[in-house]
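S.K.: Take a look at final.cif, mmCIF, N, CA, C and O atoms:
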data_protein
loop_
_atom_site.label_atom_id
_atom_site.label_comp_id
_atom_site.auth_asym_id
_atom_site.auth_seq_id
_atom_site.Cartn_x
_atom_site.Cartn_y
_atom_site.Cartn_z
N MET A 73 0.84 -1.17 0.00
CA MET A 73 0.00 0.00 0.00
C MET A 73 0.88 1.24 0.00
O MET A 73 1.93 1.24 0.65
N PRO A 74 0.46 2.28 -0.67
CA PRO A 74 1.22 3.53 -0.65
C PRO A 74 1.42 4.01 0.79
O PRO A 74 0.50 3.97 1.60
N GLY A 75 2.62 4.41 1.09
CA GLY A 75 2.94 4.90 2.42
C GLY A 75 3.43 3.84 3.38
O GLY A 75 3.92 4.15 4.46
N SER A 76 3.32 2.55 3.00
CA SER A 76 3.75 1.47 3.88
C SER A 76 5.22 1.57 4.24
O SER A 76 5.63 1.22 5.34
N GLU A 77 6.03 2.05 3.29
CA GLU A 77 7.46 2.16 3.54
C GLU A 77 7.78 3.15 4.65
O GLU A 77 8.87 3.16 5.19
N LYS A 78 6.81 3.96 5.03
CA LYS A 78 7.01 4.95 6.08
C LYS A 78 6.57 4.45 7.45
O LYS A 78 6.63 5.17 8.42
N GLY A 79 6.09 3.22 7.51
CA GLY A 79 5.71 2.65 8.80
C GLY A 79 4.29 2.16 8.84
O GLY A 79 4.03 1.04 9.17
N GLY A 80 3.35 2.98 8.47
CA GLY A 80 1.95 2.57 8.46
C GLY A 80 1.36 2.41 9.85
O GLY A 80 2.02 2.55 10.86
N ASN A 81 0.08 2.10 9.86
CA ASN A 81 -0.63 1.88 11.11
C ASN A 81 -1.57 0.70 10.93
O ASN A 81 -2.58 0.83 10.26
N PRO A 82 -1.26 -0.47 11.43
CA PRO A 82 -0.11 -0.80 12.26
C PRO A 82 1.17 -0.78 11.44
O PRO A 82 1.13 -0.90 10.22
N PRO A 83 2.30 -0.67 12.12
CA PRO A 83 3.58 -0.60 11.42
C PRO A 83 3.84 -1.87 10.60
O PRO A 83 3.47 -2.96 11.01
N THR A 84 4.48 -1.70 9.47
CA THR A 84 4.82 -2.84 8.62
C THR A 84 5.96 -3.64 9.24
O THR A 84 6.79 -3.09 9.95
N ARG A 85 5.95 -4.94 8.97
CA ARG A 85 7.07 -5.78 9.39
C ARG A 85 7.97 -6.09 8.20
O ARG A 85 8.89 -6.89 8.30
N ALA A 86 7.70 -5.45 7.07
CA ALA A 86 8.49 -5.67 5.87
C ALA A 86 9.85 -5.00 6.00
O ALA A 86 9.97 -3.92 6.56
N LYS A 87 10.86 -5.67 5.45
CA LYS A 87 12.19 -5.07 5.38
C LYS A 87 12.16 -3.97 4.33
O LYS A 87 11.38 -4.01 3.39
N ALA A 88 13.06 -3.02 4.46
CA ALA A 88 13.10 -1.89 3.53
C ALA A 88 13.32 -2.34 2.09
O ALA A 88 12.82 -1.72 1.16
N GLU A 89 14.03 -3.45 1.88
CA GLU A 89 14.33 -3.93 0.54
C GLU A 89 13.09 -4.28 -0.28
O GLU A 89 13.12 -4.26 -1.50
N ILE A 90 12.00 -4.60 0.39
CA ILE A 90 10.79 -4.98 -0.34
C ILE A 90 10.28 -3.84 -1.23
O ILE A 90 9.63 -4.07 -2.23
N PHE A 91 10.64 -2.63 -0.85
CA PHE A 91 10.17 -1.47 -1.61
C PHE A 91 11.11 -1.08 -2.74
O PHE A 91 10.75 -0.25 -3.58
N THR A 92 12.29 -1.70 -2.79
CA THR A 92 13.27 -1.31 -3.80
C THR A 92 13.83 -2.47 -4.62
O THR A 92 14.34 -2.26 -5.72
N ASP A 93 13.77 -3.69 -4.12
CA ASP A 93 14.37 -4.84 -4.80
C ASP A 93 13.50 -5.26 -5.98
O ASP A 93 12.34 -5.62 -5.82
N PRO A 94 14.06 -5.24 -7.20
CA PRO A 94 13.27 -5.61 -8.37
C PRO A 94 12.84 -7.09 -8.37
O PRO A 94 11.89 -7.45 -9.06
N LYS A 95 13.49 -7.92 -7.57
CA LYS A 95 13.11 -9.33 -7.50
C LYS A 95 11.74 -9.54 -6.83
O LYS A 95 11.12 -10.57 -7.01
N VAL A 96 11.30 -8.56 -6.07
CA VAL A 96 10.01 -8.67 -5.37
C VAL A 96 8.88 -8.89 -6.37
O VAL A 96 7.98 -9.70 -6.14
N ARG A 97 8.92 -8.22 -7.49
CA ARG A 97 7.89 -8.38 -8.52
C ARG A 97 7.86 -9.82 -9.03
O ARG A 97 6.81 -10.41 -9.21
N GLU A 98 9.04 -10.41 -9.23
CA GLU A 98 9.12 -11.80 -9.69
C GLU A 98 8.57 -12.76 -8.64
O GLU A 98 7.85 -13.71 -8.98
N VAL A 99 8.92 -12.52 -7.39
CA VAL A 99 8.44 -13.37 -6.29
C VAL A 99 6.91 -13.28 -6.20
O VAL A 99 6.22 -14.28 -6.03
N GLY A 100 6.38 -12.08 -6.34
CA GLY A 100 4.92 -11.88 -6.30
C GLY A 100 4.22 -12.57 -7.46
O GLY A 100 3.17 -13.19 -7.29
N LYS A 101 4.82 -12.48 -8.63
CA LYS A 101 4.23 -13.14 -9.80
C LYS A 101 4.23 -14.65 -9.62
O LYS A 101 3.23 -15.32 -9.93
N ALA A 102 5.31 -15.20 -9.09
CA ALA A 102 5.39 -16.64 -8.84
C ALA A 102 4.32 -17.07 -7.83
O ALA A 102 3.68 -18.12 -8.00
N MET A 103 4.11 -16.27 -6.80
CA MET A 103 3.10 -16.59 -5.80
C MET A 103 1.71 -16.57 -6.41
O MET A 103 0.91 -17.48 -6.19
N ARG A 104 1.42 -15.56 -7.23
CA ARG A 104 0.10 -15.49 -7.87
C ARG A 104 -0.12 -16.68 -8.80
O ARG A 104 -1.24 -17.21 -8.88
N THR A 105 0.93 -17.14 -9.47
CA THR A 105 0.83 -18.31 -10.33
C THR A 105 0.46 -19.54 -9.51
O THR A 105 -0.42 -20.32 -9.90
N GLU A 106 1.10 -19.71 -8.36
CA GLU A 106 0.80 -20.87 -7.50
C GLU A 106 -0.61 -20.80 -6.93
O GLU A 106 -1.29 -21.82 -6.83
N VAL A 107 -1.07 -19.62 -6.58
CA VAL A 107 -2.44 -19.46 -6.08
C VAL A 107 -3.45 -19.83 -7.17
O VAL A 107 -4.43 -20.52 -6.91
N THR A 108 -3.18 -19.40 -8.39
CA THR A 108 -4.06 -19.74 -9.52
C THR A 108 -4.11 -21.25 -9.71
O THR A 108 -5.18 -21.83 -9.92
N LYS A 109 -2.96 -21.90 -9.61
CA LYS A 109 -2.91 -23.36 -9.73
C LYS A 109 -3.69 -24.02 -8.59
O LYS A 109 -4.35 -25.05 -8.80
N LEU A 110 -3.63 -23.43 -7.40
CA LEU A 110 -4.36 -23.98 -6.26
C LEU A 110 -5.86 -23.88 -6.49
O LEU A 110 -6.60 -24.83 -6.20
N VAL A 111 -6.31 -22.77 -7.01
CA VAL A 111 -7.74 -22.61 -7.32
C VAL A 111 -8.18 -23.70 -8.31
O VAL A 111 -9.21 -24.34 -8.12
N GLU A 112 -7.39 -23.91 -9.34
CA GLU A 112 -7.72 -24.92 -10.34
C GLU A 112 -7.70 -26.32 -9.73
O GLU A 112 -8.58 -27.14 -10.01
N ALA A 113 -6.71 -26.61 -8.90
CA ALA A 113 -6.63 -27.92 -8.25
C ALA A 113 -7.84 -28.16 -7.36
O ALA A 113 -8.38 -29.27 -7.32
N SER A 114 -8.29 -27.12 -6.68
CA SER A 114 -9.43 -27.28 -5.77
C SER A 114 -10.71 -27.61 -6.52
O SER A 114 -11.59 -28.28 -5.99
N LYS A 115 -10.80 -27.17 -7.75
CA LYS A 115 -11.99 -27.46 -8.55
C LYS A 115 -12.07 -28.93 -8.92
O LYS A 115 -13.15 -29.46 -9.15
N GLY A 116 -10.91 -29.62 -8.97
CA GLY A 116 -10.88 -31.03 -9.32
C GLY A 116 -11.33 -31.95 -8.20
O GLY A 116 -11.79 -33.06 -8.45
N GLY A 117 -11.17 -31.50 -6.97
CA GLY A 117 -11.64 -32.28 -5.83
C GLY A 117 -10.71 -33.38 -5.37
O GLY A 117 -11.03 -34.07 -4.40
N ASP A 118 -9.59 -33.59 -6.01
CA ASP A 118 -8.64 -34.64 -5.61
C ASP A 118 -7.79 -34.09 -4.46
O ASP A 118 -6.93 -33.23 -4.66
N ILE A 119 -8.02 -34.60 -3.26
CA ILE A 119 -7.38 -34.04 -2.07
C ILE A 119 -5.85 -34.15 -2.13
O ILE A 119 -5.15 -33.26 -1.66
N ALA A 120 -5.32 -35.20 -2.73
CA ALA A 120 -3.86 -35.35 -2.84
C ALA A 120 -3.28 -34.25 -3.74
O ALA A 120 -2.24 -33.67 -3.42
N VAL A 121 -3.96 -33.95 -4.82
CA VAL A 121 -3.51 -32.89 -5.73
C VAL A 121 -3.63 -31.53 -5.04
O VAL A 121 -2.73 -30.69 -5.15
N ILE A 122 -4.72 -31.34 -4.32
CA ILE A 122 -4.93 -30.08 -3.61
C ILE A 122 -3.84 -29.88 -2.55
O ILE A 122 -3.26 -28.80 -2.44
N ARG A 123 -3.55 -30.92 -1.79
CA ARG A 123 -2.52 -30.81 -0.75
C ARG A 123 -1.16 -30.48 -1.35
O ARG A 123 -0.42 -29.65 -0.82
N LYS A 124 -0.82 -31.14 -2.45
CA LYS A 124 0.46 -30.88 -3.10
C LYS A 124 0.54 -29.43 -3.58
O LYS A 124 1.55 -28.75 -3.37
N GLN A 125 -0.53 -28.96 -4.19
CA GLN A 125 -0.52 -27.58 -4.68
C GLN A 125 -0.59 -26.58 -3.54
O GLN A 125 0.00 -25.50 -3.61
N PHE A 126 -1.30 -26.93 -2.48
CA PHE A 126 -1.34 -26.05 -1.30
C PHE A 126 0.07 -25.86 -0.76
O PHE A 126 0.47 -24.72 -0.45
N GLN A 127 0.83 -26.94 -0.67
CA GLN A 127 2.20 -26.83 -0.16
C GLN A 127 3.06 -25.99 -1.09
O GLN A 127 3.88 -25.18 -0.64
N ALA A 128 2.89 -26.14 -2.39
CA ALA A 128 3.63 -25.31 -3.35
C ALA A 128 3.27 -23.84 -3.16
O ALA A 128 4.15 -22.95 -3.27
N THR A 129 2.01 -23.56 -2.87
CA THR A 129 1.56 -22.19 -2.63
C THR A 129 2.19 -21.64 -1.35
O THR A 129 2.68 -20.50 -1.33
N VAL A 130 2.18 -22.43 -0.30
CA VAL A 130 2.80 -22.02 0.96
C VAL A 130 4.28 -21.72 0.75
O VAL A 130 4.80 -20.71 1.23
N ASP A 131 4.96 -22.59 0.02
CA ASP A 131 6.38 -22.38 -0.24
C ASP A 131 6.62 -21.07 -0.99
O ASP A 131 7.58 -20.36 -0.71
N SER A 132 5.75 -20.76 -1.94
CA SER A 132 5.91 -19.51 -2.68
C SER A 132 5.67 -18.30 -1.78
O SER A 132 6.35 -17.28 -1.92
N CYS A 133 4.75 -18.40 -0.86
CA CYS A 133 4.52 -17.31 0.10
C CYS A 133 5.73 -17.14 1.00
O CYS A 133 6.15 -16.02 1.29
N ASN A 134 6.30 -18.27 1.43
CA ASN A 134 7.45 -18.21 2.32
C ASN A 134 8.66 -17.58 1.65
O ASN A 134 9.51 -17.00 2.33
N ASN A 135 8.78 -17.70 0.34
CA ASN A 135 9.88 -17.06 -0.37
C ASN A 135 9.93 -15.58 -0.04
O ASN A 135 11.00 -15.02 0.19
N CYS A 136 8.79 -14.94 -0.03
CA CYS A 136 8.74 -13.52 0.27
C CYS A 136 8.92 -13.28 1.78
O CYS A 136 9.71 -12.44 2.19
N HIS A 137 8.19 -14.01 2.57
CA HIS A 137 8.25 -13.81 4.02
C HIS A 137 9.65 -14.08 4.56
O HIS A 137 10.13 -13.35 5.42
N ASP A 138 10.30 -15.13 4.04
CA ASP A 138 11.65 -15.45 4.53
C ASP A 138 12.66 -14.39 4.14
O ASP A 138 13.59 -14.12 4.90
N ASN A 139 12.50 -13.80 2.98
CA ASN A 139 13.50 -12.87 2.46
C ASN A 139 13.20 -11.40 2.74
O ASN A 139 14.12 -10.59 2.76
N TYR A 140 11.95 -11.05 2.90
CA TYR A 140 11.59 -9.62 2.97
C TYR A 140 10.76 -9.23 4.19
O TYR A 140 10.18 -8.16 4.23
N ARG A 141 10.73 -10.08 5.21
CA ARG A 141 9.94 -9.76 6.39
C ARG A 141 10.82 -9.80 7.63
O ARG A 141 11.57 -10.75 7.84
N ASN A 142 10.72 -8.79 8.44
CA ASN A 142 11.41 -8.78 9.73
C ASN A 142 10.74 -9.78 10.65
O ASN A 142 9.51 -9.86 10.69
N LYS A 143 11.52 -10.52 11.37
CA LYS A 143 10.99 -11.55 12.27
C LYS A 143 10.49 -10.94 13.55
O LYS A 143 10.87 -9.95 14.02
#
What does the file become when written as structure tokens?
M.R.:
Amino acid sequence: MPGSEKGGNPPTRAKAEIFTDPKVREVGKAMRTEVTKLVEASKGGDIAVIRKQFQATVDSCNNCHDNYRNK
């Protein structure tokens, strides 16, 4: 959100690099791709496929959280 880099309310836990690192866009695109795949997997109803794609989605989210979030 605009202004988040200034702290926000509540304050952001994002590292400053998230606002300047060009890789963030790639990480976000990869996450959106995995979420789209999860939506499609859920339509099939196969729980094993859903679980596998859910984990891939979680892993893609963690890429950002691990690299660009203050603990």
S.K.: Let me know the residues the PyMOL selection byres (((chain A and resi 141 and name CA) around 10) and name CA) catches in the file above, as a list of chain:residue names.
M.R.: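 So the PyMOL selection byres (((chain A and resi 141 and name CA) around 10) and name CA), applied here, picks out A:Thr84, A:Arg85, A:Ala86, A:Lys87, A:Ala88, A:Glu89, A:Ile90, A:Asn134, A:Asn135, A:Cys136, A:His137, A:Asp138, A:Asn139, A:Tyr140, A:Asn142, A:Lys143.
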S.K.: Quick check, in Å to one decimal: how far apart do CA of Gln127 (chain A) and CA of Pro83 (chain A) lie?
M.R.: 28.7 Å
S.K.: Could you give me the residues within chain A that DSSP places in helix (DSSP H, G or I), as a ChimeraX atom specification?
M.R.: /A:76-78,88-91,95-116,119-140
S.K.: So the first atom is CA of Lys124 (chain A) and the second is CA of Leu110 (chain A); what is the distance between them in Å, to one decimal place?
M.R.: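 These atoms are spaced 9.0 Å apart.
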S.K.: One decimal, Å: what's the distance from CA of Val107 (chain A) over to CA of Ile119 (chain A), could you say?
M.R.: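 Going from CA of Val107 (chain A) over to CA of Ile119 (chain A) covers 15.9 Å.
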S.K.: For Ala113 (chain A), which residue among A:Thr92, A:Ser132, A:Ser76, A:Gln125 is the nearest when counting all atoms listed in the file?
M.R.: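 Counting all atoms listed in the file, the residue closest to Ala113 (chain A) is A:Gln125.
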S.K.: In file coordinates, which residues lie within 6 Å of (7.4, 2.6, 0.2) using only C-alpha atoms, given as a ChimeraX atom specification?
M.R.: /A:75-77,91
S.K.: Quick one: residues within 12 Å of Arg104 (chain A), only C-alpha atoms, excluding same-chain residues fewer than 3 positions away - as JSON, numbers by chain?
M.R.: {"A": [97, 98, 99, 100, 101, 107, 108, 109, 110, 111, 128, 129, 130, 132, 133]}
S.K.: What are the centre and edge lengths in Å, to one decimal, of the axis-aligned box around all listed atoms of region 106-113 of chain A with 6 Å added on each side, as lines of an AutoDock Vina configuration file?
M.R.:
center_x = -4.1
center_y = -24.3
center_z = -8.2
size_x = 22.3
size_y = 21.9
size_z = 16.3
